[in-house]
file target_4.cif (mmCIF, C-alpha atoms)
data_query
loop_
_atom_site.group_PDB
_atom_site.id
_atom_site.type_symbol
_atom_site.label_atom_id
_atom_site.label_comp_id
_atom_site.auth_asym_id
_atom_site.auth_seq_id
_atom_site.Cartn_x
_atom_site.Cartn_y
_atom_site.Cartn_z
ATOM 1 C CA MET R 243 -29.049 -29.088 -0.110
ATOM 2 C CA THR R 244 -27.786 -29.476 -3.645
ATOM 3 C CA GLU R 245 -24.843 -31.799 -4.216
ATOM 4 C CA PHE R 246 -22.731 -29.169 -5.965
ATOM 5 C CA ALA R 247 -21.537 -25.858 -4.600
ATOM 6 C CA ILE R 248 -20.496 -24.822 -8.127
ATOM 7 C CA ARG R 249 -21.600 -26.218 -11.455
ATOM 8 C CA THR R 250 -20.969 -24.847 -14.928
ATOM 9 C CA GLU R 251 -22.008 -25.960 -18.388
ATOM 10 C CA GLY R 252 -20.257 -24.664 -21.481
ATOM 11 C CA LEU R 253 -19.169 -21.506 -19.683
ATOM 12 C CA THR R 254 -17.363 -19.333 -22.212
ATOM 13 C CA LYS R 255 -16.004 -15.794 -22.294
ATOM 14 C CA ILE R 256 -14.721 -14.179 -25.488
ATOM 15 C CA TYR R 257 -13.302 -10.670 -25.267
ATOM 16 C CA THR R 258 -13.474 -8.458 -28.333
ATOM 17 C CA GLU R 259 -11.576 -5.231 -28.793
ATOM 18 C CA ILE R 260 -11.757 -2.725 -31.627
ATOM 19 C CA THR R 261 -8.238 -1.807 -32.702
ATOM 20 C CA ARG R 262 -7.041 1.714 -33.396
ATOM 21 C CA GLY R 263 -8.965 3.259 -36.269
ATOM 22 C CA GLY R 264 -11.950 1.031 -35.649
ATOM 23 C CA LEU R 265 -11.201 -1.155 -38.668
ATOM 24 C CA LYS R 266 -10.533 -4.534 -37.028
ATOM 25 C CA ARG R 267 -11.632 -6.416 -33.961
ATOM 26 C CA ARG R 268 -9.159 -8.378 -31.893
ATOM 27 C CA VAL R 269 -10.691 -11.482 -30.323
ATOM 28 C CA THR R 270 -9.317 -13.118 -27.177
ATOM 29 C CA VAL R 271 -10.747 -16.319 -25.719
ATOM 30 C CA GLY R 272 -10.645 -15.939 -21.951
ATOM 31 C CA LEU R 273 -12.490 -19.185 -21.188
ATOM 32 C CA GLU R 274 -13.850 -21.892 -23.461
ATOM 33 C CA ASP R 275 -16.590 -24.436 -22.727
ATOM 34 C CA LEU R 276 -15.886 -24.906 -19.025
ATOM 35 C CA ASN R 277 -17.806 -27.858 -17.592
ATOM 36 C CA LEU R 278 -17.001 -28.021 -13.907
ATOM 37 C CA GLU R 279 -18.523 -29.467 -10.743
ATOM 38 C CA VAL R 280 -17.326 -28.559 -7.249
ATOM 39 C CA ASN R 281 -18.801 -30.647 -4.435
ATOM 40 C CA ASN R 282 -20.273 -29.185 -1.292
ATOM 41 C CA GLY R 283 -17.853 -29.043 1.617
ATOM 42 C CA GLU R 284 -14.666 -29.607 -0.368
ATOM 43 C CA VAL R 285 -11.547 -27.542 -0.996
ATOM 44 C CA PHE R 286 -11.068 -27.165 -4.744
ATOM 45 C CA ALA R 287 -7.841 -25.694 -6.154
ATOM 46 C CA PHE R 288 -8.053 -24.124 -9.614
ATOM 47 C CA LEU R 289 -4.568 -24.130 -11.093
ATOM 48 C CA GLY R 290 -2.961 -22.692 -14.170
ATOM 49 C CA PRO R 291 -0.246 -20.321 -15.393
ATOM 50 C CA ASN R 292 -0.808 -16.610 -15.864
ATOM 51 C CA ALA R 293 -3.479 -15.801 -18.467
ATOM 52 C CA ALA R 294 -4.866 -19.364 -18.344
ATOM 53 C CA GLY R 295 -8.363 -18.092 -17.501
ATOM 54 C CA LYS R 296 -8.491 -18.547 -13.713
ATOM 55 C CA THR R 297 -9.513 -14.968 -12.898
ATOM 56 C CA THR R 298 -11.920 -14.899 -15.851
ATOM 57 C CA THR R 299 -13.648 -17.990 -14.443
ATOM 58 C CA ILE R 300 -13.933 -16.431 -11.004
ATOM 59 C CA LYS R 301 -15.338 -13.180 -12.408
ATOM 60 C CA LEU R 302 -17.921 -15.162 -14.356
ATOM 61 C CA LEU R 303 -18.895 -17.144 -11.255
ATOM 62 C CA THR R 304 -19.256 -13.973 -9.168
ATOM 63 C CA ARG R 305 -21.087 -12.201 -12.001
ATOM 64 C CA LEU R 306 -18.492 -9.447 -12.263
ATOM 65 C CA HIS R 307 -18.259 -10.488 -15.936
ATOM 66 C CA TYR R 308 -21.076 -11.848 -18.076
ATOM 67 C CA PRO R 309 -20.527 -14.994 -20.135
ATOM 68 C CA THR R 310 -20.518 -15.037 -23.915
ATOM 69 C CA ARG R 311 -22.399 -18.326 -23.592
ATOM 70 C CA GLY R 312 -22.959 -21.085 -21.085
ATOM 71 C CA GLU R 313 -24.382 -21.104 -17.558
ATOM 72 C CA ALA R 314 -23.228 -21.315 -13.951
ATOM 73 C CA TRP R 315 -25.037 -22.411 -10.809
ATOM 74 C CA ILE R 316 -24.018 -21.560 -7.242
ATOM 75 C CA LEU R 317 -25.386 -23.733 -4.435
ATOM 76 C CA GLY R 318 -28.030 -25.093 -6.793
ATOM 77 C CA ARG R 319 -29.282 -21.737 -8.083
ATOM 78 C CA SER R 320 -28.393 -19.693 -11.122
ATOM 79 C CA ASN R 321 -25.657 -17.206 -10.338
ATOM 80 C CA ALA R 322 -27.639 -14.674 -12.375
ATOM 81 C CA LYS R 323 -30.016 -14.311 -9.411
ATOM 82 C CA ARG R 324 -28.943 -11.615 -6.967
ATOM 83 C CA GLU R 325 -29.998 -13.553 -3.862
ATOM 84 C CA THR R 326 -27.685 -16.438 -4.838
ATOM 85 C CA MET R 327 -24.606 -14.352 -4.113
ATOM 86 C CA ARG R 328 -25.647 -13.679 -0.509
ATOM 87 C CA GLN R 329 -24.227 -17.099 0.367
ATOM 88 C CA VAL R 330 -20.875 -16.364 -1.319
ATOM 89 C CA GLY R 331 -17.729 -14.751 0.092
ATOM 90 C CA TYR R 332 -15.303 -13.356 -2.480
ATOM 91 C CA LEU R 333 -11.670 -12.275 -2.290
ATOM 92 C CA PRO R 334 -10.191 -10.763 -5.479
ATOM 93 C CA GLU R 335 -6.566 -11.245 -6.453
ATOM 94 C CA GLN R 336 -5.687 -7.615 -5.690
ATOM 95 C CA PRO R 337 -8.122 -6.322 -3.025
ATOM 96 C CA ARG R 338 -8.862 -2.589 -3.381
ATOM 97 C CA LEU R 339 -10.001 -1.405 0.019
ATOM 98 C CA TYR R 340 -10.937 2.060 1.288
ATOM 99 C CA ASP R 341 -7.499 2.825 2.675
ATOM 100 C CA TYR R 342 -8.572 5.967 4.573
ATOM 101 C CA LEU R 343 -10.567 3.706 6.912
ATOM 102 C CA THR R 344 -9.154 1.589 9.695
ATOM 103 C CA GLY R 345 -9.442 -2.174 9.420
ATOM 104 C CA LYS R 346 -12.265 -2.182 11.949
ATOM 105 C CA GLU R 347 -14.121 0.656 10.207
ATOM 106 C CA PHE R 348 -13.874 -1.113 6.855
ATOM 107 C CA LEU R 349 -15.383 -4.338 8.224
ATOM 108 C CA ASP R 350 -18.110 -2.322 9.931
ATOM 109 C CA PHE R 351 -18.923 -0.699 6.565
ATOM 110 C CA ILE R 352 -19.150 -4.117 4.857
ATOM 111 C CA GLY R 353 -21.309 -5.410 7.719
ATOM 112 C CA ARG R 354 -23.753 -2.545 7.159
ATOM 113 C CA ILE R 355 -24.004 -3.463 3.465
ATOM 114 C CA PHE R 356 -25.015 -6.989 4.508
ATOM 115 C CA GLY R 357 -27.623 -5.526 6.880
ATOM 116 C CA LEU R 358 -26.059 -6.843 10.092
ATOM 117 C CA ASN R 359 -27.162 -5.077 13.265
ATOM 118 C CA ARG R 360 -24.567 -3.294 15.391
ATOM 119 C CA GLN R 361 -24.286 -6.049 18.001
ATOM 120 C CA ASP R 362 -23.760 -8.800 15.402
ATOM 121 C CA ARG R 363 -21.308 -6.616 13.466
ATOM 122 C CA ASN R 364 -19.157 -5.898 16.498
ATOM 123 C CA LYS R 365 -19.114 -9.541 17.572
ATOM 124 C CA LYS R 366 -18.174 -10.808 14.092
ATOM 125 C CA ILE R 367 -15.582 -8.095 13.499
ATOM 126 C CA ILE R 368 -13.724 -8.906 16.727
ATOM 127 C CA HIS R 369 -13.844 -12.635 15.924
ATOM 128 C CA LEU R 370 -12.687 -12.250 12.310
ATOM 129 C CA LEU R 371 -9.858 -9.817 13.069
ATOM 130 C CA LYS R 372 -8.530 -12.324 15.580
ATOM 131 C CA MET R 373 -8.983 -15.179 13.095
ATOM 132 C CA VAL R 374 -6.876 -13.467 10.412
ATOM 133 C CA GLY R 375 -4.271 -12.173 12.885
ATOM 134 C CA LEU R 376 -5.106 -8.455 12.713
ATOM 135 C CA GLN R 377 -6.593 -7.910 16.166
ATOM 136 C CA GLY R 378 -3.626 -5.724 17.166
ATOM 137 C CA ARG R 379 -3.897 -3.556 14.021
ATOM 138 C CA ALA R 380 -7.677 -3.069 13.925
ATOM 139 C CA ASP R 381 -7.572 0.661 14.685
ATOM 140 C CA GLU R 382 -4.817 1.496 12.211
ATOM 141 C CA SER R 383 -5.457 3.049 8.814
ATOM 142 C CA ILE R 384 -5.479 0.507 5.961
ATOM 143 C CA ARG R 385 -3.067 2.684 3.967
ATOM 144 C CA GLY R 386 -0.412 1.709 6.514
ATOM 145 C CA TYR R 387 -1.033 -2.018 6.015
ATOM 146 C CA SER R 388 1.405 -4.270 4.165
ATOM 147 C CA ARG R 389 0.151 -6.229 1.139
ATOM 148 C CA GLY R 390 -0.118 -9.329 3.286
ATOM 149 C CA MET R 391 -2.210 -7.473 5.881
ATOM 150 C CA VAL R 392 -4.529 -6.186 3.148
ATOM 151 C CA GLN R 393 -4.927 -9.782 1.972
ATOM 152 C CA ARG R 394 -5.834 -10.889 5.502
ATOM 153 C CA LEU R 395 -8.367 -8.083 5.860
ATOM 154 C CA GLY R 396 -9.803 -9.008 2.469
ATOM 155 C CA LEU R 397 -10.378 -12.543 3.716
ATOM 156 C CA ALA R 398 -12.076 -11.203 6.851
ATOM 157 C CA GLN R 399 -14.562 -9.217 4.730
ATOM 158 C CA ALA R 400 -15.207 -12.302 2.594
ATOM 159 C CA LEU R 401 -16.235 -14.170 5.749
ATOM 160 C CA LEU R 402 -18.337 -11.412 7.281
ATOM 161 C CA ASN R 403 -21.643 -12.691 5.861
ATOM 162 C CA ASP R 404 -20.863 -16.260 7.053
ATOM 163 C CA PRO R 405 -20.966 -17.644 3.495
ATOM 164 C CA MET R 406 -21.440 -21.290 2.547
ATOM 165 C CA LEU R 407 -19.069 -20.855 -0.404
ATOM 166 C CA LEU R 408 -15.761 -18.970 -0.491
ATOM 167 C CA ILE R 409 -14.305 -17.971 -3.868
ATOM 168 C CA LEU R 410 -10.704 -16.811 -3.488
ATOM 169 C CA ASP R 411 -8.519 -15.542 -6.337
ATOM 170 C CA GLU R 412 -4.800 -16.186 -5.644
ATOM 171 C CA PRO R 413 -5.369 -15.796 -1.871
ATOM 172 C CA MET R 414 -1.778 -16.612 -0.845
ATOM 173 C CA SER R 415 0.123 -14.673 -3.508
ATOM 174 C CA ASN R 416 0.979 -11.701 -1.266
ATOM 175 C CA LEU R 417 1.790 -13.643 1.890
ATOM 176 C CA ASP R 418 5.132 -14.625 3.375
ATOM 177 C CA PRO R 419 5.729 -18.317 4.272
ATOM 178 C CA LEU R 420 4.291 -17.894 7.780
ATOM 179 C CA GLY R 421 1.252 -16.073 6.426
ATOM 180 C CA ARG R 422 0.698 -18.798 3.835
ATOM 181 C CA LYS R 423 0.785 -21.458 6.539
ATOM 182 C CA ASP R 424 -1.760 -19.496 8.598
ATOM 183 C CA PHE R 425 -3.938 -19.183 5.498
ATOM 184 C CA ARG R 426 -3.745 -22.905 4.759
ATOM 185 C CA ASP R 427 -4.671 -23.729 8.363
ATOM 186 C CA LEU R 428 -7.595 -21.337 8.148
ATOM 187 C CA ILE R 429 -8.852 -22.924 4.925
ATOM 188 C CA LEU R 430 -8.822 -26.348 6.580
ATOM 189 C CA GLU R 431 -10.638 -24.949 9.632
ATOM 190 C CA LEU R 432 -13.328 -23.414 7.409
ATOM 191 C CA LYS R 433 -13.734 -26.764 5.674
ATOM 192 C CA LYS R 434 -14.362 -28.376 9.089
ATOM 193 C CA GLN R 435 -17.190 -25.862 9.530
ATOM 194 C CA GLY R 436 -18.820 -27.261 6.383
ATOM 195 C CA LYS R 437 -17.868 -24.452 4.014
ATOM 196 C CA THR R 438 -16.791 -24.985 0.421
ATOM 197 C CA ILE R 439 -13.572 -23.250 -0.637
ATOM 198 C CA PHE R 440 -12.787 -22.654 -4.312
ATOM 199 C CA PHE R 441 -9.437 -20.950 -4.826
ATOM 200 C CA SER R 442 -7.169 -20.242 -7.744
ATOM 201 C CA SER R 443 -3.418 -20.439 -7.357
ATOM 202 C CA HIS R 444 -0.115 -20.877 -9.142
ATOM 203 C CA ILE R 445 1.576 -21.949 -5.873
ATOM 204 C CA LEU R 446 1.399 -25.701 -6.361
ATOM 205 C CA SER R 447 2.681 -26.693 -2.921
ATOM 206 C CA ASP R 448 -0.199 -24.866 -1.218
ATOM 207 C CA ALA R 449 -2.753 -26.604 -3.413
ATOM 208 C CA GLU R 450 -1.110 -29.975 -2.769
ATOM 209 C CA MET R 451 -1.399 -29.489 0.999
ATOM 210 C CA VAL R 452 -5.042 -28.408 1.331
ATOM 211 C CA ALA R 453 -7.052 -29.340 -1.775
ATOM 212 C CA ASP R 454 -9.416 -32.296 -1.922
ATOM 213 C CA ARG R 455 -9.562 -31.951 -5.694
ATOM 214 C CA ILE R 456 -7.806 -29.854 -8.291
ATOM 215 C CA GLY R 457 -8.496 -28.576 -11.779
ATOM 216 C CA ILE R 458 -5.799 -27.494 -14.233
ATOM 217 C CA LEU R 459 -6.576 -24.793 -16.761
ATOM 218 C CA LYS R 460 -4.549 -24.201 -19.917
ATOM 219 C CA GLU R 461 -5.246 -21.441 -22.432
ATOM 220 C CA GLY R 462 -8.834 -21.119 -21.279
ATOM 221 C CA ARG R 463 -9.637 -24.840 -21.301
ATOM 222 C CA LEU R 464 -9.903 -27.300 -18.428
ATOM 223 C CA VAL R 465 -7.382 -30.058 -19.172
ATOM 224 C CA SER R 466 -7.469 -32.100 -15.928
ATOM 225 C CA THR R 467 -9.642 -32.451 -12.876
ATOM 226 C CA GLY R 468 -9.733 -34.923 -9.990
ATOM 227 C CA THR R 469 -8.183 -35.826 -6.655
ATOM 228 C CA MET R 470 -4.429 -35.937 -6.209
ATOM 229 C CA ALA R 471 -4.619 -39.745 -6.101
ATOM 230 C CA ASP R 472 -6.619 -39.789 -9.356
ATOM 231 C CA LEU R 473 -4.235 -37.502 -11.202
ATOM 232 C CA VAL R 474 -0.843 -38.233 -9.693
ATOM 233 C CA GLY R 475 -1.221 -41.781 -8.391
ATOM 234 C CA SER R 476 0.894 -43.461 -5.744
ATOM 235 C CA GLN R 477 3.406 -45.382 -7.859
ATOM 236 C CA VAL R 478 7.024 -45.078 -6.664
ATOM 237 C CA THR R 479 9.183 -43.626 -9.461
ATOM 238 C CA GLY R 480 12.533 -43.744 -7.650
ATOM 239 C CA VAL R 481 14.171 -43.877 -4.233
ATOM 240 C CA ASP R 482 16.659 -41.454 -2.662
ATOM 241 C CA ILE R 483 19.142 -43.202 -0.342
ATOM 242 C CA THR R 484 21.524 -41.327 1.953
ATOM 243 C CA PHE R 485 24.226 -43.150 3.949
ATOM 244 C CA HIS R 486 27.694 -42.910 5.518
ATOM 245 C CA ALA R 487 30.600 -44.948 4.078
ATOM 246 C CA GLY R 488 34.365 -45.194 4.280
ATOM 247 C CA GLU R 489 36.678 -43.527 1.731
ATOM 248 C CA GLU R 490 37.432 -46.731 -0.216
ATOM 249 C CA ASP R 491 33.750 -47.621 -0.496
ATOM 250 C CA ILE R 492 32.926 -44.064 -1.588
ATOM 251 C CA LYS R 493 35.323 -44.421 -4.537
ATOM 252 C CA LYS R 494 33.760 -47.745 -5.514
ATOM 253 C CA ILE R 495 30.251 -46.262 -5.359
ATOM 254 C CA GLN R 496 31.281 -43.235 -7.412
ATOM 255 C CA ASN R 497 32.638 -45.519 -10.111
ATOM 256 C CA ILE R 498 29.313 -47.369 -10.287
ATOM 257 C CA PHE R 499 26.945 -44.420 -9.710
ATOM 258 C CA LYS R 500 28.378 -41.429 -11.571
ATOM 259 C CA GLU R 501 25.629 -39.091 -10.321
ATOM 260 C CA ALA R 502 26.108 -39.884 -6.618
ATOM 261 C CA VAL R 503 26.478 -36.750 -4.474
ATOM 262 C CA VAL R 504 29.288 -36.943 -1.899
ATOM 263 C CA GLN R 505 29.715 -34.591 1.051
ATOM 264 C CA GLY R 506 32.494 -35.754 3.342
ATOM 265 C CA GLN R 507 31.627 -39.330 4.191
ATOM 266 C CA GLU R 508 27.937 -38.865 3.378
ATOM 267 C CA ILE R 509 26.595 -40.130 0.048
ATOM 268 C CA MET R 510 23.220 -39.456 -1.547
ATOM 269 C CA LEU R 511 22.090 -41.253 -4.684
ATOM 270 C CA THR R 512 18.848 -42.075 -6.471
ATOM 271 C CA LEU R 513 17.801 -45.570 -7.563
ATOM 272 C CA GLU R 514 15.214 -45.384 -10.332
ATOM 273 C CA ASN R 515 14.313 -49.063 -9.948
ATOM 274 C CA ALA R 516 12.651 -49.409 -6.546
ATOM 275 C CA SER R 517 12.789 -53.217 -6.702
ATOM 276 C CA ILE R 518 16.573 -53.268 -6.201
ATOM 277 C CA VAL R 519 16.478 -51.127 -3.040
ATOM 278 C CA PRO R 520 16.439 -54.040 -0.512
ATOM 279 C CA GLU R 521 19.513 -55.645 -2.123
ATOM 280 C CA PHE R 522 21.311 -52.284 -2.251
ATOM 281 C CA LEU R 523 20.634 -51.647 1.438
ATOM 282 C CA ARG R 524 22.114 -55.045 2.277
ATOM 283 C CA ARG R 525 25.223 -54.079 0.293
ATOM 284 C CA ILE R 526 25.601 -50.883 2.284
ATOM 285 C CA GLU R 527 25.463 -52.831 5.536
ATOM 286 C CA HIS R 528 27.983 -55.337 4.131
ATOM 287 C CA TRP R 529 30.360 -52.434 3.358
ATOM 288 C CA GLY R 530 29.977 -51.284 6.950
ATOM 289 C CA GLY R 531 28.004 -48.222 5.896
ATOM 290 C CA GLN R 532 25.352 -46.504 8.013
ATOM 291 C CA ILE R 533 21.980 -45.782 6.402
ATOM 292 C CA ILE R 534 20.660 -42.277 7.147
ATOM 293 C CA SER R 535 17.453 -42.128 5.097
ATOM 294 C CA VAL R 536 15.458 -43.933 2.427
ATOM 295 C CA ILE R 537 12.926 -41.673 0.698
ATOM 296 C CA PRO R 538 10.616 -42.981 -2.056
ATOM 297 C CA HIS R 539 9.706 -40.642 -4.920
ATOM 298 C CA ARG R 540 6.198 -40.368 -6.274
ATOM 299 C CA LYS R 541 4.933 -38.229 -9.104
ATOM 300 C CA THR R 542 4.317 -34.710 -7.826
ATOM 301 C CA LEU R 543 1.668 -32.137 -8.625
ATOM 302 C CA GLU R 544 4.408 -30.015 -10.191
ATOM 303 C CA GLU R 545 5.318 -32.834 -12.590
ATOM 304 C CA LEU R 546 1.658 -33.314 -13.486
ATOM 305 C CA PHE R 547 1.208 -29.566 -13.950
ATOM 306 C CA MET R 548 4.229 -29.218 -16.231
ATOM 307 C CA SER R 549 3.178 -32.302 -18.190
ATOM 308 C CA GLU R 550 -0.322 -30.904 -18.785
ATOM 309 C CA LEU R 551 1.170 -27.624 -19.971
ATOM 310 C CA GLY R 552 3.417 -29.488 -22.386
ATOM 311 C CA ARG R 553 6.652 -28.346 -20.735
#
call {"tool": "encode", "arguments": {"input": "target_4.cif", "output": "structure tokens"}}
result
Amino acid sequence: MTEFAIRTEGLTKIYTEITRGGLKRRVTVGLEDLNLEVNNGEVFAFLGPNAAGKTTTIKLLTRLHYPTRGEAWILGRSNAKRETMRQVGYLPEQPRLYDYLTGKEFLDFIGRIFGLNRQDRNKKIIHLLKMVGLQGRADESIRGYSRGMVQRLGLAQALLNDPMLLILDEPMSNLDPLGRKDFRDLILELKKQGKTIFFSSHILSDAEMVADRIGILKEGRLVSTGTMADLVGSQVTGVDITFHAGEEDIKKIQNIFKEAVVQGQEIMLTLENASIVPEFLRRIEHWGGQIISVIPHRKTLEELFMSELGR
């Protein structure tokens, strides 16, 4: 098996539009010279603000759009070959399903497109509906589904052909917090099965929890890629300390640390210099204070993201 589930070289998409009257053409760069490698069996999060080029990239990978220039390979084969896509499951950002069908009927229809026999279809449909939490709503019309339920059904259809690679466009955008947790757990379970998951998102916390590597896209260009450790590092940038103290000590601390937060007899403050933390903790004990928590700060994905976007 090839080392890369996805590989692109110079992948570019330029949209042109003739303005009213046909006199001028407006040019928009959707994606510019994307060189990307996604390893087999990893979870790769593709991050960026709206209009950064995430959906354009996904449509180029799935051949829903054709590139202006450049190439893409899926599982070692050109994505221009029809048979390549048989090993891919795809979930668009806004799934458009046949809402006059029930959830079960829709999956049966997709299974027929993939050429699955009736026995295999029925077995997979039951399994997938249970996996995405829709087993109790399988016989209901899709038009009665919430947006989150449509998203879950969309994931089920993406898995129906048992793909080696899943390409998901903003898969958690329509889900409530519980649904997002279920989705994250499912992504990690699929990874255990040896599948590669490539998903776009603007929900940084979800990416931070499940991704092996991330890529950050800005205005159609890839500006960062790597593991969280590579990009964010593990250096402590500050320490939050929360403790109890008496009223007199609280006044002293407030005079020294103007930004200390006081609630009753509980104080929370941040020390930017981690090296002085041990001495400060000894002071608290000397004052007769009671330490509640000591939490080190490290650079977050959000800080990296905002830095790369120049904000």
call {"tool": "resolve_selection", "arguments": {"input": "target_4.cif", "expression": "the PyMOL selection byres ((chain R and resi 526) around 12)", "output": "PyMOL selection string"}}
result
chain R and resi 483-488+491-492+494-495+509+519-525+527-534
call {"tool": "closest_residue", "arguments": {"input": "target_4.cif", "among": "R:Glu382, R:Glu544, R:Glu514, R:Glu274", "to": "Pro291 of chain R", "atoms": "only C-alpha atoms"}}
result
R:Glu544
call {"tool": "closest_atom_pairs", "arguments": {"input": "target_4.cif", "of": "segment 308-356 of chain R", "to": "segment 383-401 of chain R", "cutoff": "10 Å", "atoms": "only C-alpha atoms", "output": "CSV"}}
result
residue,atom,partner,partner_atom,distance
R:Val330,CA,R:Ala400,CA,8.0
R:Gly331,CA,R:Ala400,CA,4.3
R:Tyr332,CA,R:Ala400,CA,5.2
R:Leu333,CA,R:Ala400,CA,6.0
R:Pro334,CA,R:Gly396,CA,8.1
R:Glu335,CA,R:Gln393,CA,8.7
R:Gln336,CA,R:Gln393,CA,8.0
R:Pro337,CA,R:Gly396,CA,6.3
R:Arg338,CA,R:Val392,CA,8.6
R:Leu339,CA,R:Ile384,CA,7.7
R:Tyr340,CA,R:Ile384,CA,7.4
R:Asp341,CA,R:Ile384,CA,4.5
R:Tyr342,CA,R:Ser383,CA,6.0
R:Leu343,CA,R:Ser383,CA,5.5
R:Thr344,CA,R:Ser383,CA,4.1
R:Gly345,CA,R:Ile384,CA,5.9
R:Lys346,CA,R:Ser383,CA,9.1
R:Glu347,CA,R:Ser383,CA,9.1
R:Phe348,CA,R:Gln399,CA,8.4
R:Leu349,CA,R:Gln399,CA,6.1
R:Asp350,CA,R:Gln399,CA,9.3
R:Phe351,CA,R:Gln399,CA,9.7
R:Ile352,CA,R:Gln399,CA,6.9
R:Gly353,CA,R:Gln399,CA,8.3
call {"tool": "closest_residue", "arguments": {"input": "target_4.cif", "among": "R:Val481, R:Val271, R:Asn497, R:Ile537", "to": "Ala516 of chain R", "atoms": "all atoms listed in the file"}}
result
R:Val481
call {"tool": "atom_distance", "arguments": {"input": "target_4.cif", "atom1": "atom CA of Pro538 of chain R", "atom2": "atom CA of Val474 of chain R"}}
result
14.6 Å
call {"tool": "resolve_selection", "arguments": {"input": "target_4.cif", "expression": "the PyMOL selection byres ((chain R and resi 453-468) around 7)", "output": "NGL selection string"}}
result
:R and (271-274 or 276 or 284-290 or 294-295 or 449-452 or 469-470 or 472-473 or 551)
call {"tool": "atom_distance", "arguments": {"input": "target_4.cif", "atom1": "atom CA of Asp482 of chain R", "atom2": "atom CA of His444 of chain R"}}
result
27.3 Å
call {"tool": "atom_distance", "arguments": {"input": "target_4.cif", "atom1": "atom CA of Ser517 of chain R", "atom2": "atom CA of Glu545 of chain R"}}
result
22.5 Å
call {"tool": "resolve_selection", "arguments": {"input": "target_4.cif", "expression": "the PyMOL selection byres ((chain R and resi 302) around 10)", "output": "MDAnalysis selection string"}}
result
chainID R and resid 253:255 273 297:301 303:310 313:314 321:322
call {"tool": "axis_aligned_box", "arguments": {"input": "target_4.cif", "around": "segment 323-334 of chain R", "padding_each_side": "4 Å", "output": "lines of an AutoDock Vina configuration file"}}
result
center_x = -20.1
center_y = -13.9
center_z = -4.5
size_x = 27.8
size_y = 14.3
size_z = 17.8
call {"tool": "residues_near_point", "arguments": {"input": "target_4.cif", "point": "(-11.0, -22.1, -1.7)", "cutoff": "6 Å", "atoms": "all atoms listed in the file", "output": "list in words"}}
result
Val285, Phe286, Leu408, Ile409, Leu410, Ile439, Phe440 and Phe441 of chain R
call {"tool": "decode", "arguments": {"input": "target_4.cif", "residues": "segment 314-325 of chain R", "atoms": "N, CA and C atoms", "output": "PDB file, in the first residue's frame"}}
result
ATOM      1  N   ALA R 314      -3.602  15.560  -8.150  1.00  0.00           N
ATOM      2  CA  ALA R 314      -3.903  14.960  -6.844  1.00  0.00           C
ATOM      3  C   ALA R 314      -3.935  13.445  -6.998  1.00  0.00           C
ATOM      4  N   TRP R 315      -3.428  12.767  -5.969  1.00  0.00           N
ATOM      5  CA  TRP R 315      -3.452  11.308  -5.946  1.00  0.00           C
ATOM      6  C   TRP R 315      -4.174  10.852  -4.680  1.00  0.00           C
ATOM      7  N   ILE R 316      -5.022   9.853  -4.829  1.00  0.00           N
ATOM      8  CA  ILE R 316      -5.764   9.261  -3.721  1.00  0.00           C
ATOM      9  C   ILE R 316      -5.344   7.805  -3.594  1.00  0.00           C
ATOM     10  N   LEU R 317      -4.818   7.439  -2.439  1.00  0.00           N
ATOM     11  CA  LEU R 317      -4.386   6.064  -2.189  1.00  0.00           C
ATOM     12  C   LEU R 317      -3.433   5.576  -3.281  1.00  0.00           C
ATOM     13  N   GLY R 318      -2.563   6.479  -3.730  1.00  0.00           N
ATOM     14  CA  GLY R 318      -1.530   6.112  -4.687  1.00  0.00           C
ATOM     15  C   GLY R 318      -1.933   6.169  -6.143  1.00  0.00           C
ATOM     16  N   ARG R 319      -3.193   6.516  -6.424  1.00  0.00           N
ATOM     17  CA  ARG R 319      -3.647   6.578  -7.815  1.00  0.00           C
ATOM     18  C   ARG R 319      -4.226   7.959  -8.118  1.00  0.00           C
ATOM     19  N   SER R 320      -4.137   8.353  -9.361  1.00  0.00           N
ATOM     20  CA  SER R 320      -4.679   9.643  -9.751  1.00  0.00           C
ATOM     21  C   SER R 320      -6.163   9.715  -9.428  1.00  0.00           C
ATOM     22  N   ASN R 321      -6.591  10.835  -8.862  1.00  0.00           N
ATOM     23  CA  ASN R 321      -8.013  10.955  -8.548  1.00  0.00           C
ATOM     24  C   ASN R 321      -8.852  11.197  -9.804  1.00  0.00           C
ATOM     25  N   ALA R 322      -8.178  11.336 -10.958  1.00  0.00           N
ATOM     26  CA  ALA R 322      -8.913  11.474 -12.210  1.00  0.00           C
ATOM     27  C   ALA R 322      -9.491  10.142 -12.680  1.00  0.00           C
ATOM     28  N   LYS R 323      -9.003   9.043 -12.108  1.00  0.00           N
ATOM     29  CA  LYS R 323      -9.508   7.714 -12.485  1.00  0.00           C
ATOM     30  C   LYS R 323     -10.746   7.376 -11.655  1.00  0.00           C
ATOM     31  N   ARG R 324     -11.797   6.965 -12.342  1.00  0.00           N
ATOM     32  CA  ARG R 324     -13.076   6.711 -11.674  1.00  0.00           C
ATOM     33  C   ARG R 324     -12.964   5.651 -10.585  1.00  0.00           C
ATOM     34  N   GLU R 325     -12.188   4.593 -10.840  1.00  0.00           N
ATOM     35  CA  GLU R 325     -12.109   3.499  -9.871  1.00  0.00           C
ATOM     36  C   GLU R 325     -11.439   3.925  -8.570  1.00  0.00           C
TER      37      GLU R 325
END
